[in-house]
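Following: one structure in C-alpha cells, then a few remarks.
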There are 2 protein chains.
Amino acid sequence: MAERAIGIFDSGVGGLTVLKALREVLPAERLYYLGDTARVPYGTKSSGTVLRYAQEAAGFLVRHRVKMLVVACNTASAVAIEAVEQRFNLPVIGVIEPGARRAAAVTRNGRVGVIGTEGTVRSGAYSRAIRALDERIEVFAAPCPLFVPLVEEGWGEHEVASLVAREYLAPLIDRGIDTLVLGCTHYPLLKATLQRVLGANVTLVDSATETAQLVASLLGKRLVLRRGEACAPRYFVTDEPTRFKRVGGAFVGVELGDVTQVDLGRAHG
Amino acid sequence: MAERAIGIFDSGVGGLTVLKALREVLPAERLYYLGDTARVPYGTKSSGTVLRYAQEAAGFLVRHRVKMLVVACNTASAVAIEAVEQRFNLPVIGVIEPGARRAAAVTRNGRVGVIGTEGTVRSGAYSRAIRALDERIEVFAAPCPLFVPLVEEGWGEHEVASLVAREYLAPLIDRGIDTLVLGCTHYPLLKATLQRVLGANVTLVDSATETAQLVASLLGKRLVLRRGEACAPRYFVTDEPTRFKRVGGAFVGVELGDVTQVDLGRAHG
C-alpha cells in the first residue's frame with residue numbers, strides 16, 4: 001500500500017500549488033496529478049456539473065490504484081468530497097477543511113475573510129467549516145472571478161492585479177478581518193499583491209500548505225508513508241498538454257515532465 | 001424549409017451578441033441557441049478539443065432540424081467550419097469570414113489589427129481570411145485572454161478594463177493600425193473602452209453585425225427566409241441555466257426566457 005501513489009486532481013493548473021506543497025513535505029511519495037483541462041474552469045459552473053466532473057476525475061485516479069485522493073480544487077472540495085468518499089471508499093482530503101482549521105486557529109479578532117471562485121463562495125463551505133470549529137467566528141466571503149485569469153496570464157504582480165484586488169477586498173477590509181483564507185488554489189501566486197493591499201496586520205492562510213501537512217499526518221497515522229528516493233510526479237490532462245505545461249510550469253517552479261492526455265469520458269463509458 | 005430554425009452555437013454567452021444582431025436583421029426567424037456552458041471557454045483549449053466540442057454542438061442542432069448553422073464563436077469558427085460543413089451537409093456560417101471581409105473593405109492604410117482568444121489568434125484564421133481577400137494588407141494579431149472574464153464580470157467600462165486594454169493594444173497601436181477586428185463575440189461589450197484607448201481614427205469591426213448581414217443574404221438567395229410574426233429564441237445550455245441567464249441577459253439586453261439544460265455527450269452516445 002505504501003508504494004502506491006497519492007492521487008491529486010483539479011480542474012486545471014491551480015492544484016499544482018498543492019502538488020508543490022506535497023512534494024516539499026513528502027518528497028518520497030509518488031504523485032499522480034490529473035488536471036481536467038478540457039473542461040476547466042469549475043469555479044463558474046453549477047454544483048451539479050462540478051460533482052459529475054469530480055466523480056469522473058476521482059474514478060480515473062482510483063483505476064490507477066492510488067492509496068488516497070487529494071481534491072486540490074476548492075470548488076470541487078466544496079461540493080464533492082463526501083460523494084467521492086462514499087463512492088470510492090478510500091481516504092479523500094479536500095483543501096477546505098485544512099484551510100478552515102488554520103483560519104480558526106490564527107484569527108485573533110474572530111473576523112475571517114474568505115476569497116474564492118463563484119462556486120466556492122456560493123457553496124458556503126468555508127463558512128460552515130470555520131463556524132463548525134468555533135461558532136463565534138464571523139466569516140465574510142467574496143467571489144473574485146478575475147483572479148484566476150490574472151494568475152494564468154502571469155499578471156499576479158501586475159498593476160492590474162493590485163487594482164482588481166483593491167476592488168474585491170474593499171468590503172472585507174471594511175469588515176475589519178484579521179485573517180484571509182486564499183480559497184482557490186491559484187491564489188498563492190497573488191500573495192504579495194494581496195498582502196500589500198491588505199496590510200501586514202492581516203494573516204493570509206494558504207490552503208495548499210495546510211493540506212500537505214494534513215496528508216502527511218494522515219499517511220503517517222495509517223503507516224502508509226513511502227520510503228525511498230524521490231520520484232517525479234506523473235501528470236494527466238484531458239486537453240492537449242501544451243498550455244498546461246506552459247502555464248503550469250510557473251505554479252511548480254520547474255518544467256513539468258511527463259504529461260499524458262487522457263479521455264475521462266471514454267475511460268468511463 | 002423556411003419554417004425551420006437557424007441554429008446558433010457558442011461555448012457560452014458570447015454568441016448572444018450574434019443572436020442579438022440576427023434578431024435585429026431577421027426578426028421573423030426562429031432561433032435555436034446552444035451554449036456549451038459545462039465546458040466553456042473554448043478560447044484557451046486546443047484546436048483538437050474545440051473541434052470535437054463543435055462537432056457535438058452542431059450535431060445537437062442538426063438533430064433539431066435547423067436549416068442552417070451559425071458558429072457564433074470565433075475560436076470554433078477558426079478551427080471547425082469546414083469539418084462541420086462536411087459532416088452535416090448544410091450551410092454553415094462562421095464569424096471570421098464576415099469580419100475579415102469588412103476589415104478588408106474599410107482599412108485605408110492596409111494595416112489591420114485583430115484581437116481574440118489565445119485559440120483564435122494561434123489559429124491565424126483572420127490573417128489568412130483577410131490576406132486571401134487582399135494580400136497587400138498587413139495583419140497584426142494580439143491575444144487578449146482577460147477581456148472575456150472582464151466582460152462576464154460586468155466590468156466592460158471599468159477602469160480595470162481601460163488599463164488592460166492599454167496594455168494589450170499598445171503593440172497594435174505601435175504598428176499604426178487603422179482598423180481593429182473584434183475577433184471574439186464578447187468584445188462588442190468593450191467597444192466604448194476600446195475606442196477610447198485607440199482614438200477615433202481607428203475603425204472597430206464587429207463580426208456579430210457582419211455575420212447577421214451575411215446570414216440574411218444567404219437565406220434570401222436560397223428563398224428560405226421565414227415570413228410571419230417574430231417569435232422568441234429557444235436557448236439550450238449544457239450546464240444549469242442560472243449563470244447563463246444572469247450573465248447572458250446583459251448580452252441580449254433583455255431577460256432570456258426559455259432556457260433548457262441538455263447533455264451533448266449523452267444525446268450523442
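For the C-alpha cells, the naming scheme is as follows: chains receive sequential letters (A, B, ...) according to their order of presentation, residues are indexed from 1 within each chain, and ligands are indexed from 1 in presentation order.
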Practice task
Give me, as a list in words, the contact residues of chain A against chain B at a cut-off of 8 Å, counting only C-alpha atoms.
Solution key: Thr37, Ala38, Arg39, Val40, Pro41, Thr44, Lys45, Ser46, Gly48, Thr49, Pro145, Leu146, Pro149, Leu150, Glu153, Val160, Leu163, Val164, Asp239, Glu240 and Arg243 of chain A
Between CA of Pro171 in chain A and CA of Asp10 in chain A lies a distance of 28.9 Å
- Query: Which residues come within 8 Å of Thr117 in chain A, counting only C-alpha atoms, excluding same-chain residues fewer than 2 positions away, as number ranges by chain?
  - Reply: A: 43-44, 75, 115, 119-121, 143-145, 183-184
Can I get the selection written as a PDB file, in the first residue's frame, with C-alpha atoms?
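And here is the file that came out, part.pdb:
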```
ATOM      1  CA  GLY A  43     -15.431  27.759 -10.487  1.00  0.00           C
ATOM      2  CA  THR A  44     -18.112  29.280 -12.731  1.00  0.00           C
ATOM      3  CA  THR A  75     -14.797  24.366  -5.925  1.00  0.00           C
ATOM      4  CA  ILE A 115     -11.963  34.666  -1.196  1.00  0.00           C
ATOM      5  CA  GLY A 119     -18.840  28.271  -6.973  1.00  0.00           C
ATOM      6  CA  THR A 120     -16.791  28.067  -3.771  1.00  0.00           C
ATOM      7  CA  VAL A 121     -18.312  31.207  -2.274  1.00  0.00           C
ATOM      8  CA  PRO A 143     -16.038  35.860  -5.000  1.00  0.00           C
ATOM      9  CA  CYS A 144     -13.044  37.041  -7.072  1.00  0.00           C
ATOM     10  CA  PRO A 145     -13.618  35.718 -10.615  1.00  0.00           C
ATOM     11  CA  GLY A 183      -9.897  29.787  -1.037  1.00  0.00           C
ATOM     12  CA  CYS A 184      -8.656  28.936  -4.528  1.00  0.00           C
TER      13      CYS A 184
END
```
Just asking: which residues within range 20-209 of chain A are helix (DSSP H, G or I) according to DSSP, as an mmCIF file with N, CA and C atoms, in the first residue's frame?
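What follows is the written file states-v3.cif:
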```cif
data_model
loop_
_atom_site.group_PDB
_atom_site.id
_atom_site.type_symbol
_atom_site.label_atom_id
_atom_site.label_comp_id
_atom_site.auth_asym_id
_atom_site.auth_seq_id
_atom_site.Cartn_x
_atom_site.Cartn_y
_atom_site.Cartn_z
ATOM 1 N N LYS A 20 2.924 21.057 -5.287
ATOM 2 C CA LYS A 20 4.227 21.612 -4.894
ATOM 3 C C LYS A 20 4.418 21.512 -3.372
ATOM 4 N N ALA A 21 3.380 21.860 -2.628
ATOM 5 C CA ALA A 21 3.461 21.786 -1.163
ATOM 6 C C ALA A 21 3.641 20.339 -0.705
ATOM 7 N N LEU A 22 2.964 19.397 -1.371
ATOM 8 C CA LEU A 22 3.107 17.978 -1.026
ATOM 9 C C LEU A 22 4.532 17.491 -1.270
ATOM 10 N N ARG A 23 5.120 17.934 -2.356
ATOM 11 C CA ARG A 23 6.485 17.488 -2.662
ATOM 12 C C ARG A 23 7.463 17.988 -1.614
ATOM 13 N N GLU A 24 7.198 19.187 -1.080
ATOM 14 C CA GLU A 24 8.096 19.721 -0.064
ATOM 15 C C GLU A 24 8.000 18.929 1.235
ATOM 16 N N VAL A 25 6.776 18.536 1.585
ATOM 17 C CA VAL A 25 6.573 17.834 2.861
ATOM 18 C C VAL A 25 6.859 16.335 2.734
ATOM 19 N N SER A 47 -23.031 23.375 -9.181
ATOM 20 C CA SER A 47 -22.533 22.325 -8.297
ATOM 21 C C SER A 47 -22.846 20.945 -8.873
ATOM 22 N N GLY A 48 -23.960 20.793 -9.576
ATOM 23 C CA GLY A 48 -24.290 19.502 -10.177
ATOM 24 C C GLY A 48 -23.251 19.080 -11.205
ATOM 25 N N THR A 49 -22.867 20.012 -12.051
ATOM 26 C CA THR A 49 -21.867 19.715 -13.082
ATOM 27 C C THR A 49 -20.505 19.449 -12.456
ATOM 28 N N VAL A 50 -20.116 20.243 -11.473
ATOM 29 C CA VAL A 50 -18.815 20.043 -10.812
ATOM 30 C C VAL A 50 -18.773 18.681 -10.110
ATOM 31 N N LEU A 51 -19.877 18.294 -9.505
ATOM 32 C CA LEU A 51 -19.943 16.996 -8.828
ATOM 33 C C LEU A 51 -19.721 15.856 -9.832
ATOM 34 N N ARG A 52 -20.355 15.956 -10.986
ATOM 35 C CA ARG A 52 -20.197 14.928 -12.023
ATOM 36 C C ARG A 52 -18.734 14.867 -12.491
ATOM 37 N N TYR A 53 -18.131 16.031 -12.753
ATOM 38 C CA TYR A 53 -16.742 16.059 -13.202
ATOM 39 C C TYR A 53 -15.810 15.480 -12.130
ATOM 40 N N ALA A 54 -16.065 15.826 -10.872
ATOM 41 C CA ALA A 54 -15.202 15.357 -9.783
ATOM 42 C C ALA A 54 -15.272 13.837 -9.662
ATOM 43 N N GLN A 55 -16.465 13.276 -9.824
ATOM 44 C CA GLN A 55 -16.616 11.815 -9.759
ATOM 45 C C GLN A 55 -15.818 11.155 -10.889
ATOM 46 N N GLU A 56 -15.863 11.743 -12.071
ATOM 47 C CA GLU A 56 -15.126 11.169 -13.204
ATOM 48 C C GLU A 56 -13.624 11.249 -12.969
ATOM 49 N N ALA A 57 -13.166 12.402 -12.458
ATOM 50 C CA ALA A 57 -11.728 12.564 -12.186
ATOM 51 C C ALA A 57 -11.272 11.581 -11.113
ATOM 52 N N ALA A 58 -12.059 11.465 -10.043
ATOM 53 C CA ALA A 58 -11.714 10.539 -8.961
ATOM 54 C C ALA A 58 -11.678 9.110 -9.480
ATOM 55 N N GLY A 59 -12.661 8.745 -10.302
ATOM 56 C CA GLY A 59 -12.723 7.400 -10.859
ATOM 57 C C GLY A 59 -11.464 7.056 -11.652
ATOM 58 N N PHE A 60 -10.982 8.024 -12.409
ATOM 59 C CA PHE A 60 -9.764 7.809 -13.194
ATOM 60 C C PHE A 60 -8.576 7.474 -12.285
ATOM 61 N N LEU A 61 -8.417 8.250 -11.227
ATOM 62 C CA LEU A 61 -7.268 8.037 -10.334
ATOM 63 C C LEU A 61 -7.422 6.746 -9.537
ATOM 64 N N VAL A 62 -8.647 6.412 -9.157
ATOM 65 C CA VAL A 62 -8.883 5.169 -8.422
ATOM 66 C C VAL A 62 -8.516 3.971 -9.307
ATOM 67 N N ARG A 63 -8.832 4.064 -10.588
ATOM 68 C CA ARG A 63 -8.435 2.977 -11.507
ATOM 69 C C ARG A 63 -6.911 2.864 -11.612
ATOM 70 N N ASN A 74 -10.730 23.996 -4.783
ATOM 71 C CA ASN A 74 -11.683 24.428 -3.765
ATOM 72 C C ASN A 74 -13.119 24.208 -4.198
ATOM 73 N N THR A 75 -13.416 24.495 -5.462
ATOM 74 C CA THR A 75 -14.797 24.366 -5.925
ATOM 75 C C THR A 75 -15.255 22.912 -5.814
ATOM 76 N N ALA A 76 -14.405 21.985 -6.244
ATOM 77 C CA ALA A 76 -14.758 20.569 -6.157
ATOM 78 C C ALA A 76 -14.785 20.104 -4.702
ATOM 79 N N SER A 77 -13.841 20.599 -3.882
ATOM 80 C CA SER A 77 -13.856 20.240 -2.461
ATOM 81 C C SER A 77 -15.164 20.674 -1.810
ATOM 82 N N ALA A 78 -15.654 21.850 -2.236
ATOM 83 C CA ALA A 78 -16.856 22.406 -1.613
ATOM 84 C C ALA A 78 -18.090 21.551 -1.878
ATOM 85 N N VAL A 79 -18.128 20.864 -3.001
ATOM 86 C CA VAL A 79 -19.368 20.155 -3.335
ATOM 87 C C VAL A 79 -19.232 18.642 -3.433
ATOM 88 N N ALA A 80 -17.983 18.110 -3.490
ATOM 89 C CA ALA A 80 -17.869 16.714 -3.907
ATOM 90 C C ALA A 80 -17.147 15.772 -2.955
ATOM 91 N N ILE A 81 -16.547 16.282 -1.878
ATOM 92 C CA ILE A 81 -15.731 15.418 -1.009
ATOM 93 C C ILE A 81 -16.526 14.196 -0.511
ATOM 94 N N GLU A 82 -17.677 14.458 0.091
ATOM 95 C CA GLU A 82 -18.429 13.352 0.693
ATOM 96 C C GLU A 82 -18.881 12.339 -0.346
ATOM 97 N N ALA A 83 -19.350 12.849 -1.472
ATOM 98 C CA ALA A 83 -19.835 11.952 -2.521
ATOM 99 C C ALA A 83 -18.701 11.080 -3.063
ATOM 100 N N VAL A 84 -17.517 11.670 -3.231
ATOM 101 C CA VAL A 84 -16.378 10.913 -3.747
ATOM 102 C C VAL A 84 -15.950 9.852 -2.732
ATOM 103 N N GLU A 85 -15.921 10.231 -1.478
ATOM 104 C CA GLU A 85 -15.524 9.309 -0.421
ATOM 105 C C GLU A 85 -16.485 8.114 -0.345
ATOM 106 N N GLN A 86 -17.767 8.417 -0.392
ATOM 107 C CA GLN A 86 -18.771 7.350 -0.329
ATOM 108 C C GLN A 86 -18.661 6.393 -1.502
ATOM 109 N N ARG A 87 -18.425 6.963 -2.685
ATOM 110 C CA ARG A 87 -18.448 6.131 -3.870
ATOM 111 C C ARG A 87 -17.213 5.254 -3.997
ATOM 112 N N PHE A 88 -16.050 5.782 -3.625
ATOM 113 C CA PHE A 88 -14.818 5.049 -3.925
ATOM 114 C C PHE A 88 -14.177 4.416 -2.687
ATOM 115 N N ILE A 96 -10.500 22.512 1.734
ATOM 116 C CA ILE A 96 -11.276 23.459 2.539
ATOM 117 C C ILE A 96 -11.097 23.231 4.043
ATOM 118 N N GLU A 97 -11.218 21.992 4.474
ATOM 119 C CA GLU A 97 -11.096 21.691 5.906
ATOM 120 C C GLU A 97 -9.741 22.165 6.475
ATOM 121 N N PRO A 98 -8.613 21.838 5.812
ATOM 122 C CA PRO A 98 -7.325 22.302 6.358
ATOM 123 C C PRO A 98 -7.224 23.828 6.432
ATOM 124 N N GLY A 99 -7.723 24.519 5.400
ATOM 125 C CA GLY A 99 -7.686 25.987 5.410
ATOM 126 C C GLY A 99 -8.568 26.548 6.515
ATOM 127 N N ALA A 100 -9.715 25.930 6.709
ATOM 128 C CA ALA A 100 -10.647 26.394 7.746
ATOM 129 C C ALA A 100 -10.025 26.231 9.138
ATOM 130 N N ARG A 101 -9.374 25.089 9.371
ATOM 131 C CA ARG A 101 -8.730 24.841 10.671
ATOM 132 C C ARG A 101 -7.689 25.899 10.986
ATOM 133 N N ARG A 102 -6.881 26.183 9.969
ATOM 134 C CA ARG A 102 -5.805 27.164 10.170
ATOM 135 C C ARG A 102 -6.399 28.557 10.460
ATOM 136 N N ALA A 103 -7.425 28.914 9.714
ATOM 137 C CA ALA A 103 -8.040 30.236 9.894
ATOM 138 C C ALA A 103 -8.605 30.365 11.303
ATOM 139 N N ALA A 104 -9.285 29.313 11.763
ATOM 140 C CA ALA A 104 -9.881 29.359 13.103
ATOM 141 C C ALA A 104 -8.793 29.458 14.166
ATOM 142 N N ALA A 105 -7.639 28.865 13.884
ATOM 143 C CA ALA A 105 -6.550 28.879 14.868
ATOM 144 C C ALA A 105 -5.841 30.231 14.923
ATOM 145 N N VAL A 106 -5.732 30.912 13.806
ATOM 146 C CA VAL A 106 -4.893 32.124 13.797
ATOM 147 C C VAL A 106 -5.655 33.426 14.004
ATOM 148 N N GLU A 118 -16.743 31.864 -7.783
ATOM 149 C CA GLU A 118 -18.185 31.974 -7.568
ATOM 150 C C GLU A 118 -18.744 30.708 -6.926
ATOM 151 N N GLY A 119 -18.312 29.552 -7.447
ATOM 152 C CA GLY A 119 -18.840 28.271 -6.973
ATOM 153 C C GLY A 119 -18.492 28.012 -5.515
ATOM 154 N N THR A 120 -17.233 28.295 -5.145
ATOM 155 C CA THR A 120 -16.791 28.067 -3.771
ATOM 156 C C THR A 120 -17.540 28.981 -2.811
ATOM 157 N N VAL A 121 -17.642 30.254 -3.170
ATOM 158 C CA VAL A 121 -18.312 31.207 -2.274
ATOM 159 C C VAL A 121 -19.799 30.877 -2.159
ATOM 160 N N ARG A 122 -20.416 30.572 -3.296
ATOM 161 C CA ARG A 122 -21.854 30.255 -3.290
ATOM 162 C C ARG A 122 -22.148 29.041 -2.400
ATOM 163 N N SER A 123 -21.221 28.086 -2.368
ATOM 164 C CA SER A 123 -21.440 26.858 -1.587
ATOM 165 C C SER A 123 -21.482 27.125 -0.082
ATOM 166 N N ALA A 125 -19.107 26.691 1.891
ATOM 167 C CA ALA A 125 -18.393 25.587 2.545
ATOM 168 C C ALA A 125 -17.380 26.075 3.589
ATOM 169 N N TYR A 126 -16.632 27.134 3.277
ATOM 170 C CA TYR A 126 -15.664 27.639 4.257
ATOM 171 C C TYR A 126 -16.358 28.159 5.499
ATOM 172 N N SER A 127 -17.413 28.909 5.277
ATOM 173 C CA SER A 127 -18.137 29.480 6.402
ATOM 174 C C SER A 127 -18.627 28.365 7.330
ATOM 175 N N ARG A 128 -19.212 27.319 6.756
ATOM 176 C CA ARG A 128 -19.689 26.183 7.564
ATOM 177 C C ARG A 128 -18.538 25.513 8.302
ATOM 178 N N ALA A 129 -17.421 25.282 7.582
ATOM 179 C CA ALA A 129 -16.301 24.563 8.193
ATOM 180 C C ALA A 129 -15.674 25.369 9.323
ATOM 181 N N ILE A 130 -15.540 26.675 9.133
ATOM 182 C CA ILE A 130 -14.920 27.517 10.164
ATOM 183 C C ILE A 130 -15.841 27.628 11.376
ATOM 184 N N ARG A 131 -17.128 27.821 11.134
ATOM 185 C CA ARG A 131 -18.059 28.016 12.237
ATOM 186 C C ARG A 131 -18.369 26.705 12.970
ATOM 187 N N ALA A 132 -18.104 25.567 12.300
ATOM 188 C CA ALA A 132 -18.235 24.283 12.991
ATOM 189 C C ALA A 132 -17.126 24.138 14.036
ATOM 190 N N LEU A 133 -15.986 24.793 13.788
ATOM 191 C CA LEU A 133 -14.870 24.757 14.736
ATOM 192 C C LEU A 133 -15.070 25.772 15.860
ATOM 193 N N PHE A 147 -9.357 36.805 -10.533
ATOM 194 C CA PHE A 147 -8.031 36.418 -10.038
ATOM 195 C C PHE A 147 -7.438 35.234 -10.809
ATOM 196 N N VAL A 148 -8.262 34.230 -11.123
ATOM 197 C CA VAL A 148 -7.718 33.064 -11.846
ATOM 198 C C VAL A 148 -7.169 33.470 -13.221
ATOM 199 N N PRO A 149 -7.964 34.152 -14.058
ATOM 200 C CA PRO A 149 -7.392 34.571 -15.341
ATOM 201 C C PRO A 149 -6.180 35.484 -15.192
ATOM 202 N N LEU A 150 -6.141 36.327 -14.181
ATOM 203 C CA LEU A 150 -4.963 37.185 -13.975
ATOM 204 C C LEU A 150 -3.724 36.347 -13.686
ATOM 205 N N VAL A 151 -3.871 35.343 -12.816
ATOM 206 C CA VAL A 151 -2.734 34.481 -12.499
ATOM 207 C C VAL A 151 -2.295 33.703 -13.737
ATOM 208 N N GLU A 152 -3.278 33.194 -14.495
ATOM 209 C CA GLU A 152 -2.907 32.389 -15.673
ATOM 210 C C GLU A 152 -2.259 33.247 -16.760
ATOM 211 N N GLU A 159 0.188 45.713 -12.010
ATOM 212 C CA GLU A 159 -0.633 46.838 -11.534
ATOM 213 C C GLU A 159 -2.136 46.516 -11.612
ATOM 214 N N VAL A 160 -2.531 45.792 -12.684
ATOM 215 C CA VAL A 160 -3.940 45.426 -12.841
ATOM 216 C C VAL A 160 -4.389 44.545 -11.671
ATOM 217 N N ALA A 161 -3.524 43.621 -11.246
ATOM 218 C CA ALA A 161 -3.878 42.736 -10.138
ATOM 219 C C ALA A 161 -4.111 43.542 -8.854
ATOM 220 N N SER A 162 -3.286 44.557 -8.627
ATOM 221 C CA SER A 162 -3.465 45.403 -7.439
ATOM 222 C C SER A 162 -4.798 46.137 -7.490
ATOM 223 N N LEU A 163 -5.114 46.675 -8.666
ATOM 224 C CA LEU A 163 -6.360 47.433 -8.822
ATOM 225 C C LEU A 163 -7.571 46.526 -8.595
ATOM 226 N N VAL A 164 -7.520 45.328 -9.168
ATOM 227 C CA VAL A 164 -8.618 44.373 -9.010
ATOM 228 C C VAL A 164 -8.717 43.943 -7.546
ATOM 229 N N ALA A 165 -7.568 43.693 -6.922
ATOM 230 C CA ALA A 165 -7.565 43.256 -5.520
ATOM 231 C C ALA A 165 -8.157 44.338 -4.620
ATOM 232 N N ARG A 166 -7.808 45.595 -4.873
ATOM 233 C CA ARG A 166 -8.372 46.680 -4.045
ATOM 234 C C ARG A 166 -9.891 46.697 -4.146
ATOM 235 N N GLU A 167 -10.382 46.453 -5.356
ATOM 236 C CA GLU A 167 -11.834 46.457 -5.572
ATOM 237 C C GLU A 167 -12.508 45.274 -4.856
ATOM 238 N N TYR A 168 -11.953 44.079 -5.045
ATOM 239 C CA TYR A 168 -12.566 42.882 -4.456
ATOM 240 C C TYR A 168 -12.448 42.861 -2.928
ATOM 241 N N LEU A 169 -11.319 43.361 -2.409
ATOM 242 C CA LEU A 169 -11.060 43.218 -0.967
ATOM 243 C C LEU A 169 -11.669 44.338 -0.133
ATOM 244 N N ALA A 170 -12.053 45.430 -0.783
ATOM 245 C CA ALA A 170 -12.573 46.587 -0.023
ATOM 246 C C ALA A 170 -13.672 46.191 0.972
ATOM 247 N N PRO A 171 -14.678 45.409 0.558
ATOM 248 C CA PRO A 171 -15.727 45.064 1.532
ATOM 249 C C PRO A 171 -15.202 44.232 2.704
ATOM 250 N N LEU A 172 -14.177 43.409 2.468
ATOM 251 C CA LEU A 172 -13.615 42.597 3.557
ATOM 252 C C LEU A 172 -12.798 43.462 4.505
ATOM 253 N N ILE A 173 -12.057 44.419 3.946
ATOM 254 C CA ILE A 173 -11.287 45.347 4.786
ATOM 255 C C ILE A 173 -12.257 46.161 5.647
ATOM 256 N N ASP A 174 -13.358 46.596 5.035
ATOM 257 C CA ASP A 174 -14.378 47.353 5.793
ATOM 258 C C ASP A 174 -14.926 46.554 6.978
ATOM 259 N N TYR A 187 -4.576 31.230 -5.911
ATOM 260 C CA TYR A 187 -4.312 32.496 -5.235
ATOM 261 C C TYR A 187 -2.952 32.617 -4.555
ATOM 262 N N PRO A 188 -2.287 31.500 -4.187
ATOM 263 C CA PRO A 188 -0.938 31.680 -3.639
ATOM 264 C C PRO A 188 -0.027 32.503 -4.560
ATOM 265 N N LEU A 189 -0.303 32.490 -5.872
ATOM 266 C CA LEU A 189 0.516 33.287 -6.786
ATOM 267 C C LEU A 189 0.175 34.777 -6.730
ATOM 268 N N LEU A 190 -0.812 35.139 -5.911
ATOM 269 C CA LEU A 190 -1.181 36.551 -5.710
ATOM 270 C C LEU A 190 -0.793 37.043 -4.314
ATOM 271 N N LYS A 191 -0.105 36.196 -3.557
ATOM 272 C CA LYS A 191 0.154 36.511 -2.146
ATOM 273 C C LYS A 191 0.742 37.899 -1.938
ATOM 274 N N ALA A 192 1.788 38.239 -2.683
ATOM 275 C CA ALA A 192 2.467 39.518 -2.470
ATOM 276 C C ALA A 192 1.497 40.678 -2.719
ATOM 277 N N THR A 193 0.722 40.572 -3.789
ATOM 278 C CA THR A 193 -0.242 41.626 -4.117
ATOM 279 C C THR A 193 -1.301 41.751 -3.026
ATOM 280 N N LEU A 194 -1.831 40.621 -2.596
ATOM 281 C CA LEU A 194 -2.896 40.642 -1.583
ATOM 282 C C LEU A 194 -2.381 41.213 -0.264
ATOM 283 N N GLN A 195 -1.167 40.797 0.123
ATOM 284 C CA GLN A 195 -0.619 41.289 1.391
ATOM 285 C C GLN A 195 -0.401 42.799 1.330
ATOM 286 N N ARG A 196 0.024 43.279 0.175
ATOM 287 C CA ARG A 196 0.250 44.724 0.017
ATOM 288 C C ARG A 196 -1.070 45.487 0.151
ATOM 289 N N VAL A 197 -2.116 44.967 -0.470
ATOM 290 C CA VAL A 197 -3.410 45.653 -0.418
ATOM 291 C C VAL A 197 -4.011 45.587 0.988
ATOM 292 N N LEU A 198 -3.832 44.447 1.671
ATOM 293 C CA LEU A 198 -4.458 44.250 2.985
ATOM 294 C C LEU A 198 -3.668 44.877 4.122
ATOM 295 N N SER A 207 -4.267 27.374 1.772
ATOM 296 C CA SER A 207 -4.785 26.014 1.950
ATOM 297 C C SER A 207 -3.818 24.951 1.444
ATOM 298 N N ALA A 208 -3.003 25.293 0.453
ATOM 299 C CA ALA A 208 -2.099 24.300 -0.129
ATOM 300 C C ALA A 208 -1.154 23.740 0.927
ATOM 301 N N THR A 209 -0.491 24.630 1.665
ATOM 302 C CA THR A 209 0.473 24.144 2.660
ATOM 303 C C THR A 209 -0.234 23.420 3.807
#
```
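DSSP secondary structure from the backbone places Met68, Leu69, Val70, Val71, Val92, Ile93, Gly94, Arg111, Val112, Gly113, Val114, Ile115, Gly116, Glu138, Val139, Phe140, Ala141, Ala142 and Pro143 of chain B of range 62-160 of chain B in strand (DSSP E).
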